[in-house]
>>> print(open('upload.txt').read())   # compact mmCIF, C-alpha atoms and all ligand atoms
# COMPACT_ATOMS: atom_id res chain seq x y z
CA MET A 1 -56.17 -28.09 -9.23
CA LEU A 2 -53.12 -26.52 -7.63
CA ASP A 3 -49.64 -27.98 -7.72
CA VAL A 4 -46.79 -26.39 -5.80
CA ARG A 5 -43.49 -28.00 -6.70
CA GLY A 6 -40.18 -27.32 -5.01
CA LEU A 7 -41.18 -23.72 -4.45
CA GLY A 8 -38.45 -21.49 -3.06
CA LYS A 9 -38.19 -17.76 -2.53
CA VAL A 10 -35.13 -15.76 -1.61
CA TYR A 11 -35.54 -12.02 -1.11
CA GLU A 12 -32.48 -10.06 -2.13
CA GLY A 13 -31.83 -6.35 -2.03
CA SER A 14 -29.97 -3.60 -0.19
CA GLY A 15 -27.26 -6.07 0.77
CA ARG A 16 -29.71 -8.33 2.61
CA ARG A 17 -30.56 -11.87 1.66
CA VAL A 18 -33.57 -13.58 3.24
CA GLU A 19 -34.44 -17.12 2.32
CA ALA A 20 -38.15 -17.05 3.18
CA VAL A 21 -39.28 -20.31 1.61
CA ARG A 22 -36.88 -23.15 0.97
CA ASP A 23 -38.63 -26.05 -0.66
CA LEU A 24 -42.40 -26.41 -0.60
CA THR A 25 -44.21 -29.18 -2.38
CA PHE A 26 -47.91 -29.92 -2.01
CA THR A 27 -51.08 -30.23 -4.05
CA VAL A 28 -54.63 -29.06 -3.53
CA GLY A 29 -57.37 -31.02 -5.25
CA ALA A 30 -60.37 -29.41 -6.94
CA GLY A 31 -62.98 -28.48 -4.36
CA GLU A 32 -60.68 -29.13 -1.40
CA LEU A 33 -60.34 -26.84 1.63
CA VAL A 34 -56.73 -26.96 2.78
CA CYS A 35 -55.29 -24.99 5.67
CA LEU A 36 -51.63 -24.06 5.92
CA VAL A 37 -50.49 -23.36 9.45
CA GLY A 38 -47.10 -22.15 10.56
CA PRO A 39 -45.40 -19.73 12.93
CA SER A 40 -45.30 -16.00 12.23
CA GLY A 41 -42.61 -15.05 9.76
CA CYS A 42 -42.34 -18.56 8.34
CA GLY A 43 -43.18 -17.42 4.83
CA LYS A 44 -46.94 -17.98 4.56
CA THR A 45 -47.64 -14.68 2.84
CA THR A 46 -44.65 -15.16 0.57
CA LEU A 47 -45.97 -18.57 -0.43
CA LEU A 48 -49.49 -17.27 -1.06
CA LYS A 49 -48.19 -14.39 -3.18
CA CYS A 50 -46.22 -16.87 -5.28
CA VAL A 51 -49.30 -19.07 -5.69
CA ALA A 52 -51.34 -16.02 -6.68
CA GLY A 53 -48.79 -15.01 -9.31
CA LEU A 54 -48.07 -11.73 -7.51
CA LEU A 55 -44.49 -12.66 -6.73
CA ALA A 56 -42.05 -14.68 -8.82
CA PRO A 57 -40.51 -17.65 -6.97
CA THR A 58 -36.73 -18.05 -7.11
CA ALA A 59 -37.04 -21.85 -7.33
CA GLY A 60 -39.68 -24.35 -8.32
CA GLU A 61 -43.08 -23.60 -9.80
CA VAL A 62 -46.79 -23.32 -9.21
CA LEU A 63 -49.22 -25.03 -11.57
CA LEU A 64 -52.89 -24.23 -11.83
CA ARG A 65 -54.77 -26.96 -13.70
CA GLY A 66 -51.40 -28.10 -15.00
CA ARG A 67 -50.41 -24.66 -16.35
CA PRO A 68 -47.53 -22.67 -14.84
CA VAL A 69 -48.61 -19.55 -12.94
CA THR A 70 -46.57 -16.59 -14.16
CA GLY A 71 -48.95 -13.75 -13.28
CA PRO A 72 -52.34 -13.43 -11.57
CA PRO A 73 -54.34 -16.19 -13.27
CA PRO A 74 -58.01 -15.73 -14.13
CA GLY A 75 -60.23 -17.72 -11.82
CA MET A 76 -58.18 -17.04 -8.70
CA ALA A 77 -59.15 -14.59 -5.96
CA VAL A 78 -57.21 -13.56 -2.86
CA VAL A 79 -58.42 -12.24 0.50
CA PHE A 80 -55.66 -10.57 2.49
CA GLN A 81 -55.36 -9.94 6.20
CA GLU A 82 -55.37 -6.18 5.89
CA TYR A 83 -58.92 -5.52 4.79
CA GLY A 84 -58.49 -1.92 5.88
CA ARG A 85 -56.02 -1.41 3.07
CA SER A 86 -57.71 -3.63 0.52
CA LEU A 87 -60.95 -1.65 0.14
CA PHE A 88 -61.14 1.76 -1.51
CA PRO A 89 -62.51 4.26 1.03
CA TRP A 90 -64.00 6.54 -1.63
CA MET A 91 -66.07 3.76 -3.17
CA ARG A 92 -69.28 2.41 -1.77
CA VAL A 93 -69.43 -1.25 -0.76
CA ALA A 94 -71.18 -2.36 -3.96
CA GLU A 95 -68.62 -0.53 -6.12
CA ASN A 96 -65.74 -2.11 -4.21
CA VAL A 97 -67.25 -5.57 -4.67
CA GLY A 98 -67.96 -4.97 -8.36
CA LEU A 99 -64.56 -3.51 -9.22
CA PRO A 100 -62.75 -6.73 -10.27
CA LEU A 101 -65.73 -7.64 -12.45
CA LYS A 102 -65.01 -4.73 -14.75
CA GLN A 103 -62.04 -6.69 -16.09
CA LYS A 104 -64.34 -9.56 -16.93
CA LYS A 105 -66.25 -7.39 -19.38
CA LEU A 106 -69.61 -8.67 -18.21
CA PRO A 107 -72.80 -6.78 -19.02
CA GLY A 108 -73.81 -4.29 -16.32
CA SER A 109 -76.91 -6.23 -15.31
CA ARG A 110 -74.93 -9.43 -14.80
CA ARG A 111 -72.36 -7.50 -12.74
CA ARG A 112 -75.07 -6.05 -10.53
CA ASP A 113 -76.55 -9.54 -9.99
CA LEU A 114 -73.17 -10.98 -9.00
CA VAL A 115 -72.51 -8.12 -6.56
CA ALA A 116 -75.95 -8.42 -4.98
CA ASP A 117 -75.62 -12.19 -4.71
CA ALA A 118 -72.14 -11.98 -3.15
CA LEU A 119 -73.28 -9.38 -0.61
CA ARG A 120 -76.27 -11.55 0.26
CA SER A 121 -73.97 -14.56 0.73
CA VAL A 122 -71.95 -12.72 3.36
CA GLY A 123 -75.02 -11.23 5.06
CA LEU A 124 -74.39 -7.66 3.90
CA ALA A 125 -77.24 -7.06 1.48
CA ASP A 126 -78.18 -3.94 3.43
CA ALA A 127 -74.70 -2.41 3.34
CA ALA A 128 -74.37 -2.05 -0.44
CA GLY A 129 -74.63 1.74 -0.32
CA ALA A 130 -72.34 2.30 2.68
CA TYR A 131 -68.69 3.34 2.60
CA PRO A 132 -66.16 0.86 4.02
CA TRP A 133 -65.18 3.23 6.82
CA GLN A 134 -68.78 3.23 8.05
CA LEU A 135 -68.52 -0.50 8.75
CA SER A 136 -66.94 -2.51 11.56
CA GLY A 137 -63.74 -4.49 10.95
CA GLY A 138 -65.65 -7.75 10.65
CA MET A 139 -68.07 -6.22 8.15
CA GLN A 140 -65.18 -4.82 6.10
CA GLN A 141 -63.63 -8.26 5.95
CA ARG A 142 -67.01 -9.62 4.78
CA VAL A 143 -66.92 -7.04 1.99
CA ALA A 144 -63.46 -8.30 0.98
CA ILE A 145 -64.82 -11.87 0.95
CA ALA A 146 -67.86 -10.74 -1.08
CA ARG A 147 -65.54 -9.10 -3.59
CA ALA A 148 -63.66 -12.37 -3.98
CA LEU A 149 -66.92 -14.34 -4.34
CA ALA A 150 -68.46 -11.98 -6.90
CA TYR A 151 -65.49 -12.71 -9.12
CA GLU A 152 -66.68 -16.36 -9.13
CA PRO A 153 -63.23 -17.85 -8.52
CA ASP A 154 -62.42 -21.54 -8.85
CA VAL A 155 -59.64 -21.03 -6.35
CA LEU A 156 -59.82 -18.80 -3.30
CA LEU A 157 -56.64 -17.94 -1.41
CA MET A 158 -57.00 -16.49 2.08
CA ASP A 159 -54.08 -15.04 4.04
CA GLU A 160 -54.87 -14.88 7.77
CA PRO A 161 -58.10 -13.14 6.86
CA PHE A 162 -59.51 -13.04 10.38
CA ALA A 163 -56.39 -12.19 12.37
CA ALA A 164 -57.57 -8.64 13.07
CA VAL A 165 -61.18 -9.20 14.12
CA ASP A 166 -62.61 -10.03 17.54
CA ALA A 167 -63.15 -13.64 18.59
CA GLN A 168 -66.92 -13.69 18.12
CA THR A 169 -66.72 -12.18 14.64
CA ARG A 170 -63.92 -14.52 13.79
CA ALA A 171 -66.03 -17.55 14.72
CA ASP A 172 -68.87 -16.25 12.53
CA LEU A 173 -66.52 -15.64 9.61
CA GLU A 174 -65.01 -19.12 9.94
CA ASP A 175 -68.47 -20.62 9.66
CA LEU A 176 -69.18 -18.33 6.74
CA VAL A 177 -66.10 -19.61 4.88
CA ARG A 178 -66.97 -23.24 5.50
CA GLY A 179 -70.56 -22.61 4.44
CA LEU A 180 -69.52 -20.87 1.23
CA TRP A 181 -67.00 -23.58 0.49
CA ARG A 182 -69.62 -26.30 0.84
CA GLU A 183 -72.23 -24.34 -1.09
CA ARG A 184 -70.09 -23.21 -3.98
CA GLY A 185 -67.59 -26.04 -4.34
CA ILE A 186 -64.66 -23.60 -4.53
CA THR A 187 -61.10 -24.79 -3.95
CA VAL A 188 -59.82 -22.96 -0.87
CA LEU A 189 -56.27 -22.53 0.38
CA PHE A 190 -56.45 -20.88 3.80
CA VAL A 191 -53.35 -19.65 5.57
CA THR A 192 -53.31 -19.04 9.32
CA HIS A 193 -51.00 -19.06 12.32
CA ASP A 194 -53.95 -20.19 14.47
CA ILE A 195 -53.89 -23.94 15.08
CA ASP A 196 -57.50 -24.22 16.28
CA GLU A 197 -58.69 -22.29 13.26
CA ALA A 198 -56.74 -24.55 10.89
CA VAL A 199 -58.18 -27.73 12.44
CA TYR A 200 -61.70 -26.33 12.67
CA LEU A 201 -61.78 -25.20 9.04
CA GLY A 202 -59.64 -27.60 7.12
CA GLU A 203 -60.27 -30.91 5.46
CA ARG A 204 -56.51 -31.17 5.42
CA VAL A 205 -53.86 -29.23 7.36
CA LEU A 206 -50.31 -28.68 6.18
CA VAL A 207 -47.91 -27.73 8.96
CA LEU A 208 -45.11 -25.46 7.79
CA SER A 209 -41.71 -25.37 9.43
CA ALA A 210 -40.01 -22.19 10.59
CA SER A 211 -38.29 -20.14 7.89
CA PRO A 212 -36.71 -21.24 5.55
CA THR A 213 -39.94 -23.09 5.13
CA VAL A 214 -40.71 -26.65 4.18
CA VAL A 215 -43.87 -28.70 4.72
CA GLN A 216 -43.32 -30.34 8.09
CA GLU A 217 -46.41 -32.51 8.02
CA GLN A 218 -49.70 -33.12 6.23
CA LEU A 219 -52.67 -34.21 8.25
CA ARG A 220 -56.16 -35.25 7.17
CA ILE A 221 -58.80 -33.72 9.43
CA ASP A 222 -61.32 -36.51 9.90
CA LEU A 223 -63.94 -34.40 11.64
CA PRO A 224 -67.45 -34.63 10.19
CA PRO A 225 -68.22 -32.12 7.41
CA GLU A 226 -70.98 -30.56 9.51
CA ARG A 227 -68.99 -28.47 11.98
CA ASP A 228 -70.18 -25.93 14.44
CA GLN A 229 -68.37 -23.77 16.94
CA LEU A 230 -70.22 -25.21 19.93
CA HIS A 231 -69.86 -28.94 19.35
CA THR A 232 -66.86 -29.38 17.09
CA ARG A 233 -64.47 -27.48 19.33
CA VAL A 234 -65.27 -29.62 22.37
CA ALA A 235 -65.20 -32.95 20.49
CA PRO A 236 -62.47 -35.29 21.77
CA ARG A 237 -61.22 -35.79 18.22
CA PHE A 238 -60.84 -32.04 17.76
CA ALA A 239 -58.71 -31.92 20.93
CA GLU A 240 -56.55 -34.80 19.70
CA LEU A 241 -55.98 -33.19 16.32
CA ARG A 242 -55.22 -29.75 17.70
CA THR A 243 -52.81 -31.20 20.27
CA HIS A 244 -51.06 -33.06 17.52
CA VAL A 245 -50.80 -30.00 15.26
CA TYR A 246 -49.66 -27.91 18.23
CA ALA A 247 -46.80 -30.33 18.91
CA GLN A 248 -45.85 -30.18 15.24
CA VAL A 249 -45.86 -26.38 15.17
CA GLN A 250 -43.75 -26.26 18.34
CA ALA A 251 -41.30 -28.69 16.76
CA ALA A 252 -41.34 -26.56 13.62
CA LYS A 253 -40.45 -23.47 15.66
CA ARG A 254 -37.53 -25.26 17.29
CA GLY A 255 -36.49 -26.48 13.89
CA THR A 256 -36.50 -30.09 15.03
CA ALA A 257 -37.94 -33.04 13.18
CA ALA A 258 -41.58 -34.01 13.65
CA VAL A 259 -42.12 -35.38 17.13
CA PRO A 260 -43.07 -39.03 17.13
CA THR A 261 -46.27 -38.86 19.17
CA ALA A 262 -47.68 -41.70 21.18
CA ASP A 263 -51.08 -41.26 19.57
CA ALA A 264 -49.67 -41.52 16.06
CA PRO A 265 -51.76 -44.56 15.08
CA THR A 266 -54.97 -42.68 15.88
CA VAL A 267 -53.98 -39.80 13.65
CA PRO A 268 -54.71 -40.76 10.08
CA GLY A 269 -53.04 -38.80 7.36
CA ARG A 270 -49.62 -39.66 8.70
CA THR A 271 -48.08 -42.22 6.49
CA PRO A 272 -46.71 -45.06 8.59
CA THR A 273 -43.81 -46.91 7.07
CA PRO A 274 -45.19 -50.18 5.72
CA PRO A 275 -43.49 -53.26 7.16
CA ALA A 276 -40.91 -54.75 4.84
CA THR A 277 -42.32 -57.82 3.19
P1 LIG B 301 -45.57 -14.92 7.32
O1 LIG B 301 -46.64 -14.49 6.39
O2 LIG B 301 -45.54 -16.40 7.57
O3 LIG B 301 -45.59 -14.18 8.62
P2 LIG B 301 -43.77 -13.68 5.36
O4 LIG B 301 -43.96 -14.44 4.10
O5 LIG B 301 -44.47 -12.37 5.47
O6 LIG B 301 -44.14 -14.62 6.61
O7 LIG B 301 -42.22 -13.44 5.60
C1 LIG B 301 -41.28 -14.51 5.60
C2 LIG B 301 -39.87 -13.97 5.72
O8 LIG B 301 -39.54 -13.21 4.55
C3 LIG B 301 -39.67 -13.02 6.89
O9 LIG B 301 -38.38 -13.24 7.40
C4 LIG B 301 -39.78 -11.65 6.26
O10 LIG B 301 -39.04 -10.71 6.97
C5 LIG B 301 -39.21 -11.88 4.89
N1 LIG B 301 -39.78 -10.99 3.87
C6 LIG B 301 -41.10 -10.89 3.53
N2 LIG B 301 -41.30 -10.00 2.55
C7 LIG B 301 -40.07 -9.49 2.25
C8 LIG B 301 -39.57 -8.53 1.30
N3 LIG B 301 -40.41 -7.91 0.46
N4 LIG B 301 -38.24 -8.27 1.29
C9 LIG B 301 -37.40 -8.91 2.13
N5 LIG B 301 -37.78 -9.84 3.03
C10 LIG B 301 -39.09 -10.13 3.11
MG MG B 302 -48.25 -13.21 6.62
>>> encode(input="upload.txt", output="structure tokens")
Amino acid sequence: MLDVRGLGKVYEGSGRRVEAVRDLTFTVGAGELVCLVGPSGCGKTTLLKCVAGLLAPTAGEVLLRGRPVTGPPPGMAVVFQEYGRSLFPWMRVAENVGLPLKQKKLPGSRRRDLVADALRSVGLADAAGAYPWQLSGGMQQRVAIARALAYEPDVLLMDEPFAAVDAQTRADLEDLVRGLWRERGITVLFVTHDIDEAVYLGERVLVLSASPTVVQEQLRIDLPPERDQLHTRVAPRFAELRTHVYAQVQAAKRGTAAVPTADAPTVPGRTPTPPAT
């Protein structure tokens, strides 16, 4: 579904040159939920903006269904971290959610159905007539998710969407995202600096190095598809995976190569070198 090939981004201007992303290559299959985890400032937002067609890369390319992304492609929705700035305060919740649908030129009745359905999906059916500033942070972020869902995207990009909400709300929203992903079969690329969140949510986790960024490691998360905050997070396998990713992120921060861990054979997704035959 999504093909990122040799992606690089150098910011230049006012005499400064920042190489944010050096060389990123990965793919996301249709219907997959992939988490990208990496330290703050490693270029996650830059990468996501390039994938979304909001920022032109300086090297490499992004392909959506085999076609180069050169501007915001139809069928892709983005949820940003700063929900406070992503909703219009003068519009009611339902109007905010329905706004991107205007571009789709759908009949009004269909638009209203999609908005109502999206608000129901995020548990906010009762808030349709409220203004964003009348809602809590967690509810505002639900509105931003509903807006993305109403658009009926094939691909949903999320950039640290829960970084600014409290822990309890965050846990609820994580379960909401997994539930929606399983229900709707959307392809999700979820960016976070939170290792536990990446392991809890993802079917696959890509560990990014420090800036200038490359993919340090790819790891398949072999936890059962049914996950819940109570049991999954205390499962021994969850602990193994998070410890492994933690070590990788630490190594990424130091800019060293991936640490060869003793438990490597128990961590599938790593590709062991086949013995020479
Ligand atoms: P992350 O989302 O992982 O925290 P960002 O993609 O926001 O990282 O930033 C990566 C690097 O690129 C940082 O060093 C940041 O200062 C730099 N950067 C981001 N946006 C710009 C910009 N518009 N102009 C110049 N440098 C930028
Ligand atoms: Mg960011």
>>> residues_near_ligand(input="upload.txt", ligand="ligand MG 302 (chain B)", cutoff="9 Å", atoms="all atoms listed in the file", output="ChimeraX atom specification")
/A:40-46,48,80-81,159-160,191-193
>>> axis_aligned_box(input="upload.txt", around="ligand LIG 301 (chain B)", padding_each_side="6 Å", output="lines of an AutoDock Vina configuration file")
center_x = -42.0
center_y = -12.2
center_z = 4.5
size_x = 21.2
size_y = 20.5
size_z = 20.2
>>> residues_around(input="upload.txt", residues="Arg184 in chain A", least_positions_apart="4", cutoff="9 Å", atoms="only C-alpha atoms", output="JSON list (two decimals) with C-alpha atoms, in the frame of the given file")
[["chain", "number", "residue", "atom", "x", "y", "z"],
["A", 31, "GLY", "CA", -62.98, -28.48, -4.36],
["A", 179, "GLY", "CA", -70.56, -22.61, 4.44],
["A", 180, "LEU", "CA", -69.52, -20.87, 1.23]]
>>> closest_residue(input="upload.txt", among="A:Met76, A:Ala251, A:Val188, A:Ala127", to="Met158 in chain A", atoms="only C-alpha atoms")
A:Val188
>>> atom_distance(input="upload.txt", atom1="CA of Thr213 in chain A", atom2="CA of Asp23 in chain A")
6.6 Å
>>> closest_residue(input="upload.txt", among="A:Gly185, A:Pro100, A:Pro68, A:Gly84", to="Arg142 in chain A", atoms="all atoms listed in the file")
A:Gly84
>>> atom_distance(input="upload.txt", atom1="CA of Val69 in chain A", atom2="CA of Val34 in chain A")
19.2 Å
>>> closest_residue(input="upload.txt", among="A:Val207, A:Ala164, A:Leu173, A:Val21", to="Gln229 in chain A", atoms="only C-alpha atoms")
A:Leu173
>>> residues_around(input="upload.txt", residues="range 116-120 of chain A", least_positions_apart="4", cutoff="8 Å", atoms="only C-alpha atoms", output="PyMOL selection string")
chain A and resi 94+112+124-125+128+143+146-147+149-150
>>> residues_near_point(input="upload.txt", point="(-41.4, -30.3, 8.0)", cutoff="10 Å", atoms="all atoms listed in the file", output="compact mmCIF listing (two decimals) with C-alpha atoms, keeping the file's coordinate frame")
# COMPACT_ATOMS: atom_id res chain seq x y z
CA LEU A 24 -42.40 -26.41 -0.60
CA LEU A 206 -50.31 -28.68 6.18
CA VAL A 207 -47.91 -27.73 8.96
CA LEU A 208 -45.11 -25.46 7.79
CA SER A 209 -41.71 -25.37 9.43
CA ALA A 210 -40.01 -22.19 10.59
CA THR A 213 -39.94 -23.09 5.13
CA VAL A 214 -40.71 -26.65 4.18
CA VAL A 215 -43.87 -28.70 4.72
CA GLN A 216 -43.32 -30.34 8.09
CA GLU A 217 -46.41 -32.51 8.02
CA GLN A 218 -49.70 -33.12 6.23
CA GLN A 248 -45.85 -30.18 15.24
CA VAL A 249 -45.86 -26.38 15.17
CA ALA A 251 -41.30 -28.69 16.76
CA ALA A 252 -41.34 -26.56 13.62
CA GLY A 255 -36.49 -26.48 13.89
CA THR A 256 -36.50 -30.09 15.03
CA ALA A 257 -37.94 -33.04 13.18
CA ALA A 258 -41.58 -34.01 13.65
>>> atom_distance(input="upload.txt", atom1="atom N1 of ligand LIG 301 (chain B)", atom2="CA of Gly13 in chain A")
10.9 Å
>>> closest_residue(input="upload.txt", among="A:Ala235, A:Ala52, A:Ala20, A:Val37", to="Leu157 in chain A", atoms="all atoms listed in the file")
A:Ala52
>>> closest_residue(input="upload.txt", among="A:Asp175, A:Glu32, A:Asp194, A:Asp154", to="ligand LIG 301 (chain B)", atoms="all atoms listed in the file")
A:Asp194
>>> closest_residue(input="upload.txt", among="A:Phe26, A:Phe190, A:Tyr11, A:Phe88", to="ligand LIG 301 (chain B)", atoms="all atoms listed in the file")
A:Tyr11
